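A.B. asks: Structure file input-v3.tsv (TSV, C-alpha atoms (C1' of nucleotides)) is given on the next line.
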chain	number	residue	atom	x	y	z
A	79	MET	CA	161.38	31.24	52.00
A	80	VAL	CA	163.97	30.98	54.73
A	81	GLY	CA	167.21	32.87	54.48
A	82	ASP	CA	166.36	36.53	54.07
A	83	TRP	CA	168.04	37.31	57.35
A	84	GLU	CA	170.45	40.14	56.85
A	85	GLU	CA	173.36	41.37	58.86
A	86	LYS	CA	172.78	44.60	60.81
A	87	MET	CA	169.03	44.39	60.24
A	88	PRO	CA	166.71	43.72	63.17
A	89	GLU	CA	165.53	40.26	62.35
A	90	PRO	CA	161.96	40.46	61.01
A	91	ILE	CA	159.51	38.32	62.88
A	92	GLY	CA	158.86	35.36	60.63
A	93	ASP	CA	156.09	32.82	60.41
A	94	SER	CA	157.81	30.24	62.54
A	95	ARG	CA	158.43	32.67	65.41
A	96	LEU	CA	154.81	33.76	65.31
A	97	ILE	CA	153.35	30.29	64.94
A	98	GLU	CA	155.26	28.97	67.92
A	99	MET	CA	154.22	31.70	70.31
A	100	PRO	CA	152.27	30.30	73.26
A	101	GLY	CA	149.52	32.84	72.74
A	102	HIS	CA	149.05	31.81	69.14
A	103	LEU	CA	149.07	28.10	69.98
A	104	ILE	CA	146.63	28.61	72.83
A	105	ARG	CA	144.24	30.41	70.51
A	106	ARG	CA	144.38	27.55	68.03
A	107	LEU	CA	143.97	24.89	70.69
A	108	HIS	CA	140.92	26.71	71.97
A	109	GLN	CA	139.40	26.73	68.50
A	110	ILE	CA	140.16	23.04	68.07
A	111	SER	CA	138.70	22.18	71.45
A	112	PHE	CA	135.55	24.17	70.69
A	113	ALA	CA	135.15	22.53	67.28
A	114	LEU	CA	135.64	19.04	68.73
A	115	PHE	CA	132.92	19.67	71.30
A	116	LEU	CA	130.46	20.92	68.68
A	117	ASP	CA	131.22	17.91	66.52
A	118	GLN	CA	130.90	15.32	69.27
A	119	ALA	CA	127.79	16.92	70.75
A	120	LYS	CA	126.12	18.12	67.57
A	121	ALA	CA	123.06	15.97	68.27
A	122	PHE	CA	122.35	18.05	71.38
A	123	GLY	CA	122.61	21.55	69.94
A	124	VAL	CA	124.53	23.16	72.78
A	125	THR	CA	127.93	24.85	72.91
A	126	PRO	CA	130.68	24.18	75.46
A	127	VAL	CA	129.79	27.45	77.15
A	128	GLN	CA	126.11	26.59	77.38
A	129	TYR	CA	127.00	23.15	78.70
A	130	ALA	CA	129.17	24.61	81.45
A	131	ALA	CA	126.44	27.01	82.49
A	132	LEU	CA	123.86	24.22	82.49
A	133	VAL	CA	125.99	21.99	84.70
A	134	ALA	CA	126.56	24.79	87.19
A	135	ILE	CA	122.86	25.67	87.29
A	136	ASN	CA	122.00	22.03	87.85
A	137	ARG	CA	124.46	21.90	90.68
A	138	HIS	CA	123.31	25.17	92.31
A	139	PRO	CA	119.53	25.50	91.94
A	140	GLY	CA	118.30	29.07	92.16
A	141	ILE	CA	121.73	30.56	91.57
A	142	ASP	CA	121.86	34.13	90.28
A	143	GLN	CA	123.77	35.12	87.16
A	144	THR	CA	126.67	36.90	88.83
A	145	THR	CA	127.40	34.01	91.19
A	146	LEU	CA	127.19	31.68	88.20
A	147	CYS	CA	129.81	33.84	86.49
A	148	ASN	CA	132.14	33.54	89.46
A	149	ILE	CA	131.86	29.75	89.49
A	150	ILE	CA	132.54	29.08	85.82
A	151	ALA	CA	134.67	32.18	85.19
A	152	PHE	CA	132.45	33.85	82.64
A	153	ASP	CA	131.97	37.50	81.99
A	154	ARG	CA	128.90	39.08	83.56
A	155	THR	CA	127.84	40.64	80.28
A	156	THR	CA	128.22	37.47	78.26
A	157	ILE	CA	126.21	35.26	80.58
A	158	GLY	CA	123.01	37.15	79.81
A	159	GLY	CA	122.96	35.89	76.25
A	160	VAL	CA	124.01	32.39	77.26
A	161	VAL	CA	121.24	31.84	79.82
A	162	GLY	CA	118.82	33.53	77.43
A	163	ARG	CA	119.57	30.88	74.83
A	164	LEU	CA	119.32	28.09	77.42
A	165	GLN	CA	115.95	29.50	78.43
A	166	ARG	CA	114.80	29.68	74.81
A	167	LYS	CA	115.64	26.00	74.46
A	168	LYS	CA	113.59	25.28	77.61
A	169	LEU	CA	116.62	23.84	79.39
A	170	ILE	CA	116.41	26.31	82.29
A	171	THR	CA	113.96	28.76	83.83
A	172	ARG	CA	114.75	32.33	84.84
A	173	VAL	CA	112.59	34.07	87.42
A	174	ASN	CA	113.08	37.25	89.43
A	175	GLY	CA	114.87	36.73	92.72
A	176	ALA	CA	112.60	36.60	95.76
A	177	HIS	CA	114.96	38.09	98.33
A	178	ASP	CA	116.93	40.36	96.03
A	179	ARG	CA	114.84	41.80	93.25
A	180	ARG	CA	117.90	42.78	91.25
A	181	THR	CA	118.76	39.14	90.60
A	182	LYS	CA	117.38	36.40	88.39
A	183	ALA	CA	117.10	32.93	89.94
A	184	LEU	CA	118.12	30.15	87.54
A	185	HIS	CA	116.70	26.61	87.70
A	186	ILE	CA	117.22	23.64	85.44
A	187	THR	CA	114.24	21.95	83.80
A	188	PRO	CA	113.66	18.20	83.39
A	189	ALA	CA	114.72	18.58	79.75
A	190	GLY	CA	117.92	20.22	80.91
A	191	ARG	CA	118.61	17.40	83.35
A	192	ARG	CA	118.02	14.86	80.61
A	193	LEU	CA	120.42	16.69	78.32
A	194	ILE	CA	123.16	16.73	80.96
A	195	ARG	CA	122.73	13.00	81.45
A	196	ASP	CA	122.59	12.09	77.76
A	197	ILE	CA	125.40	14.35	76.58
A	198	GLU	CA	127.90	12.91	79.08
A	199	PRO	CA	129.57	10.41	76.69
A	200	ALA	CA	130.06	13.11	74.07
A	201	VAL	CA	131.63	15.44	76.61
A	202	ALA	CA	133.95	12.72	77.85
A	203	ALA	CA	134.89	11.81	74.29
A	204	THR	CA	135.70	15.44	73.54
A	205	GLN	CA	138.14	15.67	76.45
A	206	ARG	CA	139.80	12.44	75.32
A	207	LEU	CA	140.12	13.63	71.73
A	208	ILE	CA	141.71	16.91	72.75
A	209	LEU	CA	144.50	15.15	74.63
A	210	LYS	CA	144.74	12.13	72.33
A	211	PRO	CA	147.92	13.28	70.57
A	212	LEU	CA	149.82	13.13	73.87
A	213	ALA	CA	151.19	9.95	75.37
A	214	PRO	CA	148.96	8.76	78.24
A	215	ARG	CA	151.45	9.74	80.91
A	216	GLN	CA	151.87	13.19	79.41
A	217	ARG	CA	148.16	13.90	79.49
A	218	SER	CA	147.96	14.32	83.23
A	219	VAL	CA	151.14	16.40	83.15
A	220	PHE	CA	149.54	18.71	80.61
A	221	LYS	CA	146.33	18.92	82.63
A	222	GLN	CA	148.27	19.82	85.75
A	223	MET	CA	150.15	22.52	83.90
A	224	LEU	CA	146.91	23.91	82.48
A	225	LYS	CA	145.37	24.08	85.94
A	226	HIS	CA	148.47	25.72	87.30
A	227	LEU	CA	148.60	28.34	84.55
A	228	VAL	CA	144.92	29.16	84.84
A	229	HIS	CA	144.89	29.36	88.62
A	230	LEU	CA	147.98	31.51	88.97
A	231	ASN	CA	146.97	33.78	86.10
A	232	ASN	CA	143.40	33.93	87.39
A	233	ALA	CA	143.49	37.60	88.29
A	234	HIS	CA	144.50	38.61	84.76
A	235	SER	CA	141.13	37.69	83.33
A	236	ARG	CA	138.17	40.02	83.49
A	237	ALA	CA	136.14	37.05	84.68
A	238	PRO	CA	138.30	35.55	87.42
A	239	TRP	CA	137.17	32.40	89.11
A	240	ARG	CA	135.96	32.91	92.67
A	241	PRO	CA	135.13	30.34	95.34
A	242	LYS	CA	131.63	30.21	96.76
A	243	ARG	CA	129.80	33.16	98.20
B	88	MET	CA	130.60	21.31	99.24
B	89	VAL	CA	132.06	17.89	98.66
B	90	GLY	CA	130.37	14.73	99.81
B	91	ASP	CA	126.89	14.61	98.31
B	92	TRP	CA	127.84	11.58	96.33
B	93	GLU	CA	125.18	8.93	96.73
B	94	GLU	CA	125.20	5.22	96.21
B	95	LYS	CA	123.30	3.93	93.16
B	96	MET	CA	122.79	7.43	91.77
B	97	PRO	CA	124.56	8.44	88.59
B	98	GLU	CA	127.00	10.92	90.00
B	99	PRO	CA	125.91	14.44	88.98
B	100	ILE	CA	128.62	16.40	87.27
B	101	GLY	CA	129.87	18.83	89.85
B	102	ASP	CA	131.81	22.03	89.67
B	103	SER	CA	135.17	20.43	90.21
B	104	ARG	CA	134.69	17.91	87.40
B	105	LEU	CA	133.64	20.67	85.05
B	106	ILE	CA	136.32	23.12	86.07
B	107	GLU	CA	139.09	20.60	85.55
B	108	MET	CA	138.05	19.59	82.07
B	109	PRO	CA	140.77	20.34	79.53
B	110	GLY	CA	138.31	22.14	77.29
B	111	HIS	CA	137.24	24.45	80.08
B	112	LEU	CA	140.80	25.17	81.15
B	113	ILE	CA	141.86	25.82	77.57
B	114	ARG	CA	139.05	28.32	77.13
B	115	ARG	CA	140.12	30.16	80.26
B	116	LEU	CA	143.79	30.15	79.32
B	117	HIS	CA	142.88	31.60	75.95
B	118	GLN	CA	140.95	34.43	77.61
B	119	ILE	CA	143.85	35.10	79.97
B	120	SER	CA	146.36	35.08	77.13
B	121	PHE	CA	144.22	37.47	75.10
B	122	ALA	CA	143.76	39.82	78.06
B	123	LEU	CA	147.49	39.81	78.82
B	124	PHE	CA	148.28	40.78	75.24
B	125	LEU	CA	145.78	43.64	75.23
B	126	ASP	CA	147.16	44.87	78.52
B	127	GLN	CA	150.82	44.70	77.52
B	128	ALA	CA	150.20	46.18	74.08
B	129	LYS	CA	147.47	48.65	74.94
B	130	ALA	CA	149.60	51.57	73.74
B	131	PHE	CA	149.48	50.15	70.20
B	132	GLY	CA	145.77	49.51	69.84
B	133	VAL	CA	145.98	46.14	68.12
B	134	THR	CA	144.69	42.70	69.11
B	135	PRO	CA	146.66	39.45	69.05
B	136	VAL	CA	144.79	38.47	65.91
B	137	GLN	CA	145.59	41.72	64.15
B	138	TYR	CA	149.21	41.42	65.20
B	139	ALA	CA	149.48	37.91	63.77
B	140	ALA	CA	147.98	39.03	60.47
B	141	LEU	CA	150.28	42.05	60.32
B	142	VAL	CA	153.38	39.93	60.89
B	143	ALA	CA	152.38	37.49	58.16
B	144	ILE	CA	151.60	40.29	55.70
B	145	ASN	CA	154.97	41.88	56.44
B	146	ARG	CA	156.65	38.57	55.79
B	147	HIS	CA	154.74	37.83	52.57
B	148	PRO	CA	154.19	41.08	50.65
B	149	GLY	CA	151.29	40.94	48.22
B	150	ILE	CA	149.78	37.86	49.85
B	151	ASP	CA	146.08	37.25	49.27
B	152	GLN	CA	143.61	36.74	52.09
B	153	THR	CA	143.06	33.02	51.69
B	154	THR	CA	146.76	32.22	51.67
B	155	LEU	CA	147.12	34.41	54.71
B	156	CYS	CA	144.44	32.33	56.41
B	157	ASN	CA	146.31	29.12	55.67
B	158	ILE	CA	149.51	30.48	57.18
B	159	ILE	CA	148.14	31.76	60.44
B	160	ALA	CA	145.23	29.32	60.68
B	161	PHE	CA	142.40	31.83	60.56
B	162	ASP	CA	138.97	31.43	59.15
B	163	ARG	CA	138.42	32.84	55.69
B	164	THR	CA	135.33	34.72	56.76
B	165	THR	CA	136.94	36.26	59.82
B	166	ILE	CA	140.01	37.58	58.06
B	167	GLY	CA	137.94	40.04	56.05
B	168	GLY	CA	137.09	42.05	59.13
B	169	VAL	CA	140.60	41.78	60.54
B	170	VAL	CA	142.37	43.13	57.45
B	171	GLY	CA	139.63	45.73	57.11
B	172	ARG	CA	140.50	47.06	60.55
B	173	LEU	CA	144.23	46.96	59.78
B	174	GLN	CA	143.51	48.93	56.63
B	175	ARG	CA	141.38	51.46	58.52
B	176	LYS	CA	144.34	52.01	60.85
B	177	LYS	CA	146.58	52.55	57.82
B	178	LEU	CA	148.81	49.62	58.80
B	179	ILE	CA	148.28	47.78	55.51
B	180	THR	CA	146.99	48.41	52.01
B	181	ARG	CA	144.55	46.22	50.12
B	182	VAL	CA	144.42	46.34	46.33
B	183	ASN	CA	142.84	44.06	43.76
B	184	GLY	CA	145.09	41.24	42.62
B	185	ALA	CA	146.78	41.79	39.27
B	186	HIS	CA	146.96	38.20	38.07
B	187	ASP	CA	143.83	36.89	39.77
B	188	ARG	CA	141.09	39.47	39.97
B	189	ARG	CA	139.23	37.51	42.63
B	190	THR	CA	141.97	38.17	45.16
B	191	LYS	CA	143.07	41.17	47.19
B	192	ALA	CA	146.81	41.78	47.48
B	193	LEU	CA	147.89	42.82	50.96
B	194	HIS	CA	150.92	45.01	51.66
B	195	ILE	CA	152.23	46.47	54.88
B	196	THR	CA	152.71	50.25	55.18
B	197	PRO	CA	155.64	52.06	56.83
B	198	ALA	CA	153.39	52.68	59.84
B	199	GLY	CA	152.69	48.95	60.01
B	200	ARG	CA	156.40	48.17	59.91
B	201	ARG	CA	157.04	50.65	62.69
B	202	LEU	CA	154.32	49.08	64.79
B	203	ILE	CA	155.76	45.59	64.37
B	204	ARG	CA	159.15	46.87	65.44
B	205	ASP	CA	157.94	48.90	68.41
B	206	ILE	CA	155.45	46.38	69.77
B	207	GLU	CA	158.06	43.61	69.95
B	208	PRO	CA	158.92	44.01	73.67
B	209	ALA	CA	155.24	43.96	74.63
B	210	VAL	CA	154.67	40.79	72.61
B	211	ALA	CA	157.67	39.10	74.18
B	212	ALA	CA	156.56	40.18	77.65
B	213	THR	CA	153.11	38.72	77.00
B	214	GLN	CA	154.52	35.31	76.14
B	215	ARG	CA	156.66	35.40	79.27
B	216	LEU	CA	153.74	36.36	81.48
B	217	ILE	CA	151.56	33.56	80.16
B	218	LEU	CA	154.12	30.92	81.10
B	219	LYS	CA	155.41	32.66	84.21
B	220	PRO	CA	153.57	30.39	86.68
B	221	LEU	CA	155.53	27.38	85.40
B	222	ALA	CA	159.04	26.53	86.47
B	223	PRO	CA	161.53	27.50	83.75
B	224	ARG	CA	162.20	23.90	82.74
B	225	GLN	CA	158.49	23.19	82.52
B	226	ARG	CA	157.87	26.05	80.14
B	227	SER	CA	159.51	24.41	77.16
B	228	VAL	CA	157.79	21.15	78.00
B	229	PHE	CA	154.44	22.93	77.93
B	230	LYS	CA	155.28	24.67	74.67
B	231	GLN	CA	156.24	21.36	73.08
B	232	MET	CA	152.99	19.80	74.22
B	233	LEU	CA	151.00	22.74	72.88
B	234	LYS	CA	152.67	22.45	69.50
B	235	HIS	CA	152.08	18.73	69.46
B	236	LEU	CA	148.42	19.04	70.36
B	237	VAL	CA	147.80	21.76	67.80
B	238	HIS	CA	149.65	20.07	64.98
B	239	LEU	CA	148.10	16.65	65.42
B	240	ASN	CA	144.63	18.08	65.94
B	241	ASN	CA	145.12	20.47	63.06
B	242	ALA	CA	142.50	18.91	60.81
B	243	HIS	CA	139.78	19.31	63.43
B	244	SER	CA	139.72	23.07	63.07
B	245	ARG	CA	137.76	24.78	60.33
B	246	ALA	CA	140.86	26.83	59.66
B	247	PRO	CA	143.65	24.25	59.56
B	248	TRP	CA	147.18	25.40	59.14
B	249	ARG	CA	148.63	24.68	55.72
B	250	PRO	CA	152.21	24.97	54.54
B	251	LYS	CA	152.97	27.28	51.65
B	252	ARG	CA	150.97	27.41	48.46
C	296	DT	C1'	137.49	25.45	23.13
C	297	DG	C1'	133.61	25.38	26.20
C	298	DC	C1'	131.38	24.11	30.23
C	299	DA	C1'	131.44	22.29	34.89
C	300	DA	C1'	133.93	22.43	39.13
C	301	DT	C1'	136.56	25.07	42.07
C	302	DT	C1'	138.25	29.14	44.36
C	303	DC	C1'	138.13	34.06	46.30
C	304	DG	C1'	136.06	37.44	48.95
C	305	DT	C1'	131.94	38.58	51.02
C	306	DC	C1'	127.28	38.49	53.24
C	307	DA	C1'	123.71	37.32	56.74
C	308	DG	C1'	123.07	35.06	60.87
C	309	DC	C1'	124.48	33.35	65.19
C	310	DA	C1'	127.55	32.78	69.48
C	311	DT	C1'	131.25	34.14	72.56
C	312	DA	C1'	133.84	37.97	74.81
C	313	DC	C1'	135.15	42.53	76.57
C	314	DT	C1'	134.59	47.91	77.74
C	315	DG	C1'	131.97	51.36	79.58
C	316	DA	C1'	127.78	52.84	80.92
C	317	DC	C1'	123.09	52.83	82.89
C	318	DG	C1'	118.57	52.18	85.88
C	319	DA	C1'	116.96	49.53	89.56
C	320	DT	C1'	117.82	47.79	93.79
C	321	DT	C1'	120.28	46.71	98.03
C	322	DA	C1'	123.90	47.52	101.53
C	323	DT	C1'	126.55	50.55	104.37
C	324	DC	C1'	127.58	54.04	107.35
C	325	DG	C1'	127.23	58.70	109.31
D	134	DC	C1'	116.79	57.39	109.14
D	135	DG	C1'	118.90	58.88	104.95
D	136	DA	C1'	122.40	59.77	101.82
D	137	DT	C1'	126.06	57.41	99.62
D	138	DA	C1'	128.23	53.38	97.91
D	139	DA	C1'	128.03	49.00	95.96
D	140	DT	C1'	125.83	45.38	93.28
D	141	DC	C1'	122.71	43.09	89.60
D	142	DG	C1'	121.31	42.62	85.06
D	143	DT	C1'	121.41	44.86	80.86
D	144	DC	C1'	122.58	47.85	76.79
D	145	DA	C1'	125.44	49.75	72.94
D	146	DG	C1'	129.57	49.19	70.68
D	147	DT	C1'	133.43	46.51	69.07
D	148	DA	C1'	136.10	42.16	67.88
D	149	DT	C1'	136.68	37.24	67.01
D	150	DG	C1'	134.85	32.97	64.97
D	151	DC	C1'	131.79	29.71	62.73
D	152	DT	C1'	127.96	27.92	59.05
D	153	DG	C1'	125.98	28.29	54.79
D	154	DA	C1'	125.38	30.77	50.89
D	155	DC	C1'	126.39	33.83	46.98
D	156	DG	C1'	128.44	36.45	42.64
D	157	DA	C1'	132.62	36.95	40.28
D	158	DA	C1'	136.52	34.94	38.51
D	159	DT	C1'	139.54	31.13	37.40
D	160	DT	C1'	140.74	26.26	36.60
D	161	DG	C1'	140.36	21.82	34.80
D	162	DC	C1'	138.74	18.55	31.90
D	163	DA	C1'	135.98	16.54	28.31
What would the structure in this file look like if it were written as structure tokens?
C.D. replies:
Amino acid sequence: MVGDWEEKMPEPIGDSRLIEMPGHLIRRLHQISFALFLDQAKAFGVTPVQYAALVAINRHPGIDQTTLCNIIAFDRTTIGGVVGRLQRKKLITRVNGAHDRRTKALHITPAGRRLIRDIEPAVAATQRLILKPLAPRQRSVFKQMLKHLVHLNNAHSRAPWRPKR
Amino acid sequence: MVGDWEEKMPEPIGDSRLIEMPGHLIRRLHQISFALFLDQAKAFGVTPVQYAALVAINRHPGIDQTTLCNIIAFDRTTIGGVVGRLQRKKLITRVNGAHDRRTKALHITPAGRRLIRDIEPAVAATQRLILKPLAPRQRSVFKQMLKHLVHLNNAHSRAPWRPKR
DNA sequence: TGCAATTCGTCAGCATACTGACGATTATCG
DNA sequence: CGATAATCGTCAGTATGCTGACGAATTGCA
């Protein structure tokens, strides 16, 4: 299926060009990473997104949803559903803010704390599996590049990361 | 906000640990990449996913949906909606397969071909912008690593890439 | 040949994301 | 103080992506 390139014709974009585009590869790596997490952590019934939110809530008791979004770089609209599902699973509580009645104050429950503790090996295993195909010395190079790309492209996301309040 | 580490306590997972996890960074890079594409190509009204499908359909006239999924590593369920939207925009046609009546044969339209041609600069610019924060020599290193990670982790996705039929 | 296994497209259900908008509330400034 | 601006959480709408299931059609094998 190679070889239909023709003189004087603008070269049609073929499979290989498409498949090697960074954007395409990043999309696939994201899907793989997500699937690996679900597989490793399937006994706990949480997604990578829910796990990230849970860790941040544990670390910042009483945090409101918008500040949570700034810390873990989520979208403000999306977080509503995420914390709703965490609440349904009794991993967090959500009460109206005392000082600012527009906000909801998020707190982790004992069950949530237990989950964070117990899921740790699965989370660590997931990160190892993602990078497993690379040689050990390349893994930290890749991680550095990832951090660099994300930090310097931060502003291009609707949900940019922001330091503390 | 650093320094609440305590002797004899299992170290709680903090923001920095979470934020530097490969899985988390990959999710963010995917969002950034997606947003950059939409921004660069906003005049054309297609998503990265729709663009990938369109390119593959252009390259393989009459392809059926499942084979299309194997080529661009999509999920079989998801592709239905994607090609439906391409059809609604009159960029492709979808007719029942002649030989196998279970399948739908996909063909690109003249409008679809025009779009692929005209959107090219925006697609190229997107790929450049994604990798822009890296030094030029690092960009190909990163691309190689991405390809390596995706190929060797291929089987872990529900929608693994598969060579031709 | 005939029947079981497989495949194709689709459906319902759920979860993550983003846009644009809104009411409620708080902050700011004249 | 009071009007305006900004912020918080949410909603509707749209798009991607997955699981599990299904009817329709085809394949493979006994």
A.B. asks: Residues of chain C within 8 Å of chain A, counting all atoms listed in the file, what are they? List them as a list in words.
C.D. replies: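 Output check: DT311, DA312, DC313, DA319, DT320 and DT321 of chain C.
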A.B. asks: Dump as a Markdown table the rows for residues of chain B within 6 Å of chain A: closest atom pair and distance in Å with one decimal, all atoms listed in the file counted, ordered by chain and rising residue number.
C.D. replies:
| residue | atom | partner | partner_atom | distance |
| --- | --- | --- | --- | --- |
| B:Gly110 | CA | A:Ser111 | CA | 5.9 |
| B:Ile113 | CA | A:His108 | CA | 5.7 |
| B:Arg114 | CA | A:His108 | CA | 5.7 |
| B:Leu116 | CA | A:Val228 | CA | 5.7 |
| B:His117 | CA | A:Ile104 | CA | 5.7 |
| B:Ile119 | CA | A:Ser235 | CA | 5.0 |
| B:Ser120 | CA | A:Gly101 | CA | 5.9 |
| B:Pro220 | CA | A:Leu227 | CA | 5.8 |
| B:Leu236 | CA | A:Pro211 | CA | 5.8 |
| B:Val237 | CA | A:Leu107 | CA | 5.7 |
| B:His243 | CA | A:Ile110 | CA | 6.0 |
| B:Ser244 | CA | A:Ile110 | CA | 5.0 |
A.B. asks: Output as a tab-separated table one row per residue of chain D within 8 Å of chain B: the closest atom pair and its distance in Å to one decimal place, counting all atoms listed in the file, sorted by chain and residue number ascending.
C.D. replies:
residue	atom	partner	partner_atom	distance
D:DT149	C1'	B:Thr165	CA	7.3
D:DG150	C1'	B:Thr165	CA	6.5
D:DA157	C1'	B:Arg189	CA	7.0
D:DA158	C1'	B:Arg189	CA	5.6
D:DT159	C1'	B:Asp187	CA	7.6
A.B. asks: Write the selection just made, keeping C-alpha atoms (C1' of nucleotides), as a PDB file, in the coordinates of the input?
C.D. replies:
ATOM      1  C1'  DT D 149     136.680  37.240  67.010  1.00  0.00           C
ATOM      2  C1'  DG D 150     134.850  32.970  64.970  1.00  0.00           C
ATOM      3  C1'  DA D 157     132.620  36.950  40.280  1.00  0.00           C
ATOM      4  C1'  DA D 158     136.520  34.940  38.510  1.00  0.00           C
ATOM      5  C1'  DT D 159     139.540  31.130  37.400  1.00  0.00           C
TER       6       DT D 159
END
A.B. asks: In Å, how far is it from CA of Asn148 (chain A) to CA of Leu132 (chain A)?
C.D. replies: 14.3 Å
A.B. asks: Using all atoms listed in the file, which protein or nucleic acid residues come within 10 Å of Gln174 (chain B)? Drop anything in the same chain fewer than 5 positions from it, and give the result as a ChimeraX atom specification.
C.D. replies: /B:168-169,179-181,193-196,199
A.B. asks: How close does chain D get to region 298-306 of chain C? List, as a tab-separated table, each residue of chain D within 10 Å, its nearest atom pair and the distance in Å to one decimal, counting only C-alpha atoms (C1' of nucleotides).
C.D. replies:
residue	atom	partner	partner_atom	distance
D:DA154	C1'	C:DC306	C1'	8.3
D:DC155	C1'	C:DC306	C1'	7.9
D:DG156	C1'	C:DT305	C1'	9.3
D:DA157	C1'	C:DC303	C1'	8.7
D:DA158	C1'	C:DC303	C1'	8.0
D:DT159	C1'	C:DT302	C1'	7.4
D:DT160	C1'	C:DT301	C1'	7.0
D:DG161	C1'	C:DA300	C1'	7.8
D:DC162	C1'	C:DA299	C1'	8.7
D:DA163	C1'	C:DC298	C1'	9.1
A.B. asks: Keeping only C-alpha atoms (C1' of nucleotides), write the selected residues as a compact mmCIF listing (two decimals), in the coordinates of the input.
C.D. replies:
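File written: result-v7.txt
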# COMPACT_ATOMS: atom_id res chain seq x y z
C1' DA D 154 125.38 30.77 50.89
C1' DC D 155 126.39 33.83 46.98
C1' DG D 156 128.44 36.45 42.64
C1' DA D 157 132.62 36.95 40.28
C1' DA D 158 136.52 34.94 38.51
C1' DT D 159 139.54 31.13 37.40
C1' DT D 160 140.74 26.26 36.60
C1' DG D 161 140.36 21.82 34.80
C1' DC D 162 138.74 18.55 31.90
C1' DA D 163 135.98 16.54 28.31
A.B. asks: What is the distance between CA of Lys120 (chain A) and C1' of DG153 (chain D), in Å to one decimal?
C.D. replies: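 We find that CA of Lys120 (chain A) and C1' of DG153 (chain D) lie 16.3 Å from each other.
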A.B. asks: Figure out the distance between CA of Gln127 (chain B) and C1' of DC151 (chain D), please, to one decimal in Å.
C.D. replies: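 Interatomic distance, C1' of DC151 (chain D) to CA of Gln127 (chain B): 28.4 Å.
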A.B. asks: Counting only C-alpha atoms (C1' of nucleotides), what is within 12 Å of DA138 (chain D), bar same-chain residues fewer than 2 positions away, as a PyMOL selection string?
C.D. replies: (chain C and resi 321-324) or (chain D and resi 136+140)
A.B. asks: Quick one: of A:Gly175, A:Gly123, A:Pro139, A:Pro214, who's nearest to DG142 (chain D), counting only C-alpha atoms (C1' of nucleotides)?
C.D. replies: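 Using only C-alpha atoms (C1' of nucleotides), DG142 (chain D) sits closest to A:Gly175.
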A.B. asks: In terms of the shortest atom-to-atom distance over all atoms listed in the file, which of D:DA145, D:DA139, D:DT152, D:DC134 is closest to DA316 (chain C)?
C.D. replies: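 Distance minimum relative to DA316 (chain C) lands on D:DA145.
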